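One structure is given below, encoded as structure tokens.
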Amino acid sequence: MSAGQERWQRVNLALACFALDPAALGGIWLRARVGPVRDQVQKGLETALQGHTLRRLHPGIGDDALFGGVDLSATLAEGRVVRTRGILGAPAVLIMPMAERIKAGLAARLAGALDRQTGLSLVALDEGAEPDETLPSALADRLAIHLDLAEQGLSDAPDLALDLADLAEARALLPRVTVPDSAIAELAEVAARLGILSLRAPLLALAVARASAALSGEDHVESADLMLAVELVLAPRATQYPEPDTDTAP
């Protein structure tokens, strides 16, 4: 299997994990230019998230649209103040194209909305071409899954295999998935060795591990689930890589 095929297989697993409980995972940071590869991911997302409310945001969106405001025409017609409901007022999967253009103020508002745990999640479509054109760190820290498809070729990006019936069964199993007492400590240790300072990262990795177990039809998290969580959540956040321990056998 080529590197591109392995990467695409992880994308498939990532979308499936996210679809089980988007709010628990916070969201997905997808770094990819506009094109057929990104279109394949968006098509897979729309398939996996059937039944969820999807709302598209613009990086220049205002506070009235986010939090609601006064509906002037309705207010004048009814003789009382009538307010509109903002996008952040109801559970939804928010999809943000051009996420690299999000300003600090909007990033803070979206981060606060995710922290309130009201059923919101964010899919940030980062189209940045340069290293400094990227998603604000306040949002990146709150999105469990980080995917970079800048080098993904279309030949290695077929339609994603997301079966709605299997996803429904896994979603029903997810609340019963148990976690070994040692799992969070192991994920925290891996995060520390990778130079990850955020305390959210191990918790988000644990949420991905539970989703992975449910997708496998298991009611408990195993080592393979923890490994997938490390690949999808912790490895992309790494700021350093530990030297191998030469005192132990390979």
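Going through the structure tokens in order, the chains are called A, B, and so on, while each chain numbers its residues from 1 and the ligands are numbered from 1 in the order shown.
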What are the closest atom pairs, with distances in Å to one decimal, for all residues of range 16-120 of chain A lying within 7 Å of range 148-164 of chain A? Consider only C-alpha atoms, order rows by chain and residue number, and present the result as JSON lines.
{"residue": "A:Ala16", "atom": "CA", "partner": "A:Leu162", "partner_atom": "CA", "distance": 6.8}
{"residue": "A:Leu30", "atom": "CA", "partner": "A:Asp148", "partner_atom": "CA", "distance": 6.0}
{"residue": "A:Arg31", "atom": "CA", "partner": "A:Asp148", "partner_atom": "CA", "distance": 4.7}
{"residue": "A:Ala32", "atom": "CA", "partner": "A:Ala150", "partner_atom": "CA", "distance": 5.1}
{"residue": "A:Arg33", "atom": "CA", "partner": "A:Ala150", "partner_atom": "CA", "distance": 6.8}
{"residue": "A:Pro36", "atom": "CA", "partner": "A:Leu154", "partner_atom": "CA", "distance": 6.9}
{"residue": "A:Val37", "atom": "CA", "partner": "A:Leu154", "partner_atom": "CA", "distance": 5.7}
{"residue": "A:Gln40", "atom": "CA", "partner": "A:Asp159", "partner_atom": "CA", "distance": 6.4}
{"residue": "A:Gly44", "atom": "CA", "partner": "A:Leu160", "partner_atom": "CA", "distance": 5.8}
{"residue": "A:Ala48", "atom": "CA", "partner": "A:Leu162", "partner_atom": "CA", "distance": 6.3}
For the selection just defined, write its residues with C-alpha atoms to a file, as a compact mmCIF listing (two decimals), in the first residue's frame.
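Output saved as selection-v3.txt:
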# COMPACT_ATOMS: atom_id res chain seq x y z
CA ALA A 16 -16.18 7.81 10.54
CA LEU A 30 -8.55 19.90 7.10
CA ARG A 31 -5.61 21.55 5.37
CA ALA A 32 -6.04 21.15 1.61
CA ARG A 33 -6.33 23.39 -1.42
CA PRO A 36 -11.08 17.21 -6.40
CA VAL A 37 -9.32 15.68 -3.38
CA GLN A 40 -14.00 13.88 -2.07
CA GLY A 44 -17.72 11.83 2.43
CA ALA A 48 -21.42 10.43 7.10
Subject >> Who sits within 6 Å of range 170-178 of chain A, only C-alpha atoms, same chain under 6 positions skipped, as number ranges by chain >> reply: A: 20, 214-215, 219-220
Subject >> Atomic distance CA of Phe18 in chain A - CA of Ala211 in chain A, expressed in Å with one decimal >> reply: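 We find that CA of Phe18 in chain A and CA of Ala211 in chain A lie 7.8 Å from each other.
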**OP:** Kindly give the distance, in Å, that separates CA of Ser182 in chain A and CA of Pro202 in chain A, rounded to a single decimal.
**Re:** 12.4 Å
**OP:** Give the helix (DSSP H, G or I) residues of range 6-58 of chain A, as assigned by DSSP on the backbone, as a VMD selection string.
**Re:** chain A and resid 6 to 20 22 to 25 36 to 48
Original post:
Looking at A:Ala192, A:Leu187, A:Val123, A:Leu143, which one is nearest to Leu226 in chain A, with distances taken over only C-alpha atoms?
Top reply: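 The answer is A:Leu187, which sits nearest to Leu226 in chain A.
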Original post:
Do you know which residues are at most 12 Å from range 90-94 of chain A counting only C-alpha atoms, after dropping those on the same chain fewer than 2 positions away, and could you put them as a PyMOL selection string?
Top reply: chain A and resi 18-19+21-29+45-46+48-59+66-68+85-88+96-97+99+110+113-114+116-125
Please write the residues from the selection above to a file, keeping C-alpha atoms, as a PDB file, in the first residue's frame.
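Output file result_30.pdb follows:
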ATOM      1  CA  PHE A  18     -16.082  12.196  13.784  1.00  0.00           C
ATOM      2  CA  ALA A  19     -19.526  11.229  12.483  1.00  0.00           C
ATOM      3  CA  ASP A  21     -20.185  12.193  17.950  1.00  0.00           C
ATOM      4  CA  PRO A  22     -19.049  15.450  16.278  1.00  0.00           C
ATOM      5  CA  ALA A  23     -19.481  17.588  19.386  1.00  0.00           C
ATOM      6  CA  ALA A  24     -17.285  15.318  21.549  1.00  0.00           C
ATOM      7  CA  LEU A  25     -14.451  15.565  19.027  1.00  0.00           C
ATOM      8  CA  GLY A  26     -14.816  19.306  18.577  1.00  0.00           C
ATOM      9  CA  GLY A  27     -14.169  19.158  14.872  1.00  0.00           C
ATOM     10  CA  ILE A  28     -11.735  18.577  12.041  1.00  0.00           C
ATOM     11  CA  TRP A  29      -8.962  20.815  10.765  1.00  0.00           C
ATOM     12  CA  LEU A  45     -18.543  14.231   5.266  1.00  0.00           C
ATOM     13  CA  GLU A  46     -21.976  14.966   3.868  1.00  0.00           C
ATOM     14  CA  ALA A  48     -21.421  10.429   7.100  1.00  0.00           C
ATOM     15  CA  LEU A  49     -23.227  13.365   8.727  1.00  0.00           C
ATOM     16  CA  GLN A  50     -26.680  12.666   7.351  1.00  0.00           C
ATOM     17  CA  GLY A  51     -29.145  13.550  10.099  1.00  0.00           C
ATOM     18  CA  HIS A  52     -26.919  16.306  11.480  1.00  0.00           C
ATOM     19  CA  THR A  53     -27.509  19.982  10.784  1.00  0.00           C
ATOM     20  CA  LEU A  54     -24.737  21.408   8.599  1.00  0.00           C
ATOM     21  CA  ARG A  55     -24.207  25.172   8.459  1.00  0.00           C
ATOM     22  CA  ARG A  56     -21.647  26.984   6.324  1.00  0.00           C
ATOM     23  CA  LEU A  57     -19.901  30.021   7.758  1.00  0.00           C
ATOM     24  CA  HIS A  58     -17.854  32.749   6.104  1.00  0.00           C
ATOM     25  CA  PRO A  59     -14.661  33.942   7.830  1.00  0.00           C
ATOM     26  CA  LEU A  66     -23.559  34.226  15.085  1.00  0.00           C
ATOM     27  CA  PHE A  67     -25.509  35.219  18.189  1.00  0.00           C
ATOM     28  CA  GLY A  68     -28.757  36.634  16.814  1.00  0.00           C
ATOM     29  CA  ARG A  85     -31.717  33.156  16.575  1.00  0.00           C
ATOM     30  CA  GLY A  86     -28.008  33.074  15.795  1.00  0.00           C
ATOM     31  CA  ILE A  87     -26.153  30.215  14.152  1.00  0.00           C
ATOM     32  CA  LEU A  88     -24.435  29.389  17.451  1.00  0.00           C
ATOM     33  CA  MET A  96     -15.867  27.091   7.491  1.00  0.00           C
ATOM     34  CA  PRO A  97     -14.170  27.462   4.079  1.00  0.00           C
ATOM     35  CA  ALA A  99     -10.504  29.011   7.610  1.00  0.00           C
ATOM     36  CA  LEU A 110     -16.062  30.160  17.952  1.00  0.00           C
ATOM     37  CA  ALA A 113     -19.003  28.396  21.586  1.00  0.00           C
ATOM     38  CA  LEU A 114     -17.215  25.031  21.342  1.00  0.00           C
ATOM     39  CA  ARG A 116     -19.862  25.633  26.069  1.00  0.00           C
ATOM     40  CA  GLN A 117     -20.558  22.085  24.806  1.00  0.00           C
ATOM     41  CA  THR A 118     -23.962  22.871  23.336  1.00  0.00           C
ATOM     42  CA  GLY A 119     -23.697  20.393  20.482  1.00  0.00           C
ATOM     43  CA  LEU A 120     -21.553  22.490  18.144  1.00  0.00           C
ATOM     44  CA  SER A 121     -18.558  21.278  16.166  1.00  0.00           C
ATOM     45  CA  LEU A 122     -16.413  22.856  13.457  1.00  0.00           C
ATOM     46  CA  VAL A 123     -14.962  21.596  10.192  1.00  0.00           C
ATOM     47  CA  ALA A 124     -12.255  24.107   9.299  1.00  0.00           C
ATOM     48  CA  LEU A 125     -11.290  23.975   5.610  1.00  0.00           C
TER      49      LEU A 125
END
**OP:** Tell me which of A:Ala165, A:Met98, A:Cys17, A:Ala108 sits closest to Leu135 in chain A, counting only C-alpha atoms.
**Re:**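 For Leu135 in chain A, the nearest of the given residues is A:Met98.
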**OP:** Fewer than 6 positions away in the same chain doesn't count, so skip those; otherwise give me all residues within 8 Å of Leu232 in chain A, counting only C-alpha atoms, as a list in words.
**Re:**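 The residues that qualify are Arg10, Ala14, Ala144, Ile145, His146, Leu147 and Ala205 of chain A.
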Based on the selection just made, write C-alpha atoms of those residues as a tab-separated table (two decimals), in the first residue's frame.
chain	number	residue	atom	x	y	z
A	10	ARG	CA	-6.81	7.31	7.83
A	14	ALA	CA	-11.18	9.96	10.80
A	144	ALA	CA	-9.53	16.70	17.66
A	145	ILE	CA	-8.62	15.59	14.15
A	146	HIS	CA	-5.94	17.32	12.08
A	147	LEU	CA	-5.61	16.22	8.43
A	205	ALA	CA	-7.44	11.59	21.65
**OP:** Do a neighbour search on Glu100 in chain A at 8 Å with only C-alpha atoms, toss out local chain neighbours closer than 5 positions, and write the hits as a PyMOL selection string.
**Re:** chain A and resi 125-128+133-136
Original post:
Which one of A:Ala138, A:Ala213, A:Ala191, A:Leu203 sits closest to Glu169 in chain A if you count only C-alpha atoms?
Top reply: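 So, comparing all the options, the nearest one is A:Ala213.
Straight-line separation from CA of Ala188 in chain A to CA of Ala140 in chain A: 18.2 Å.
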Original post:
With only C-alpha atoms as the atoms that count, which of A:Glu6, A:Leu13, A:Arg200, A:Thr239 lies nearest to Asp225 in chain A?
Top reply: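 Of the candidates, the smallest distance to Asp225 in chain A is held by A:Leu13.
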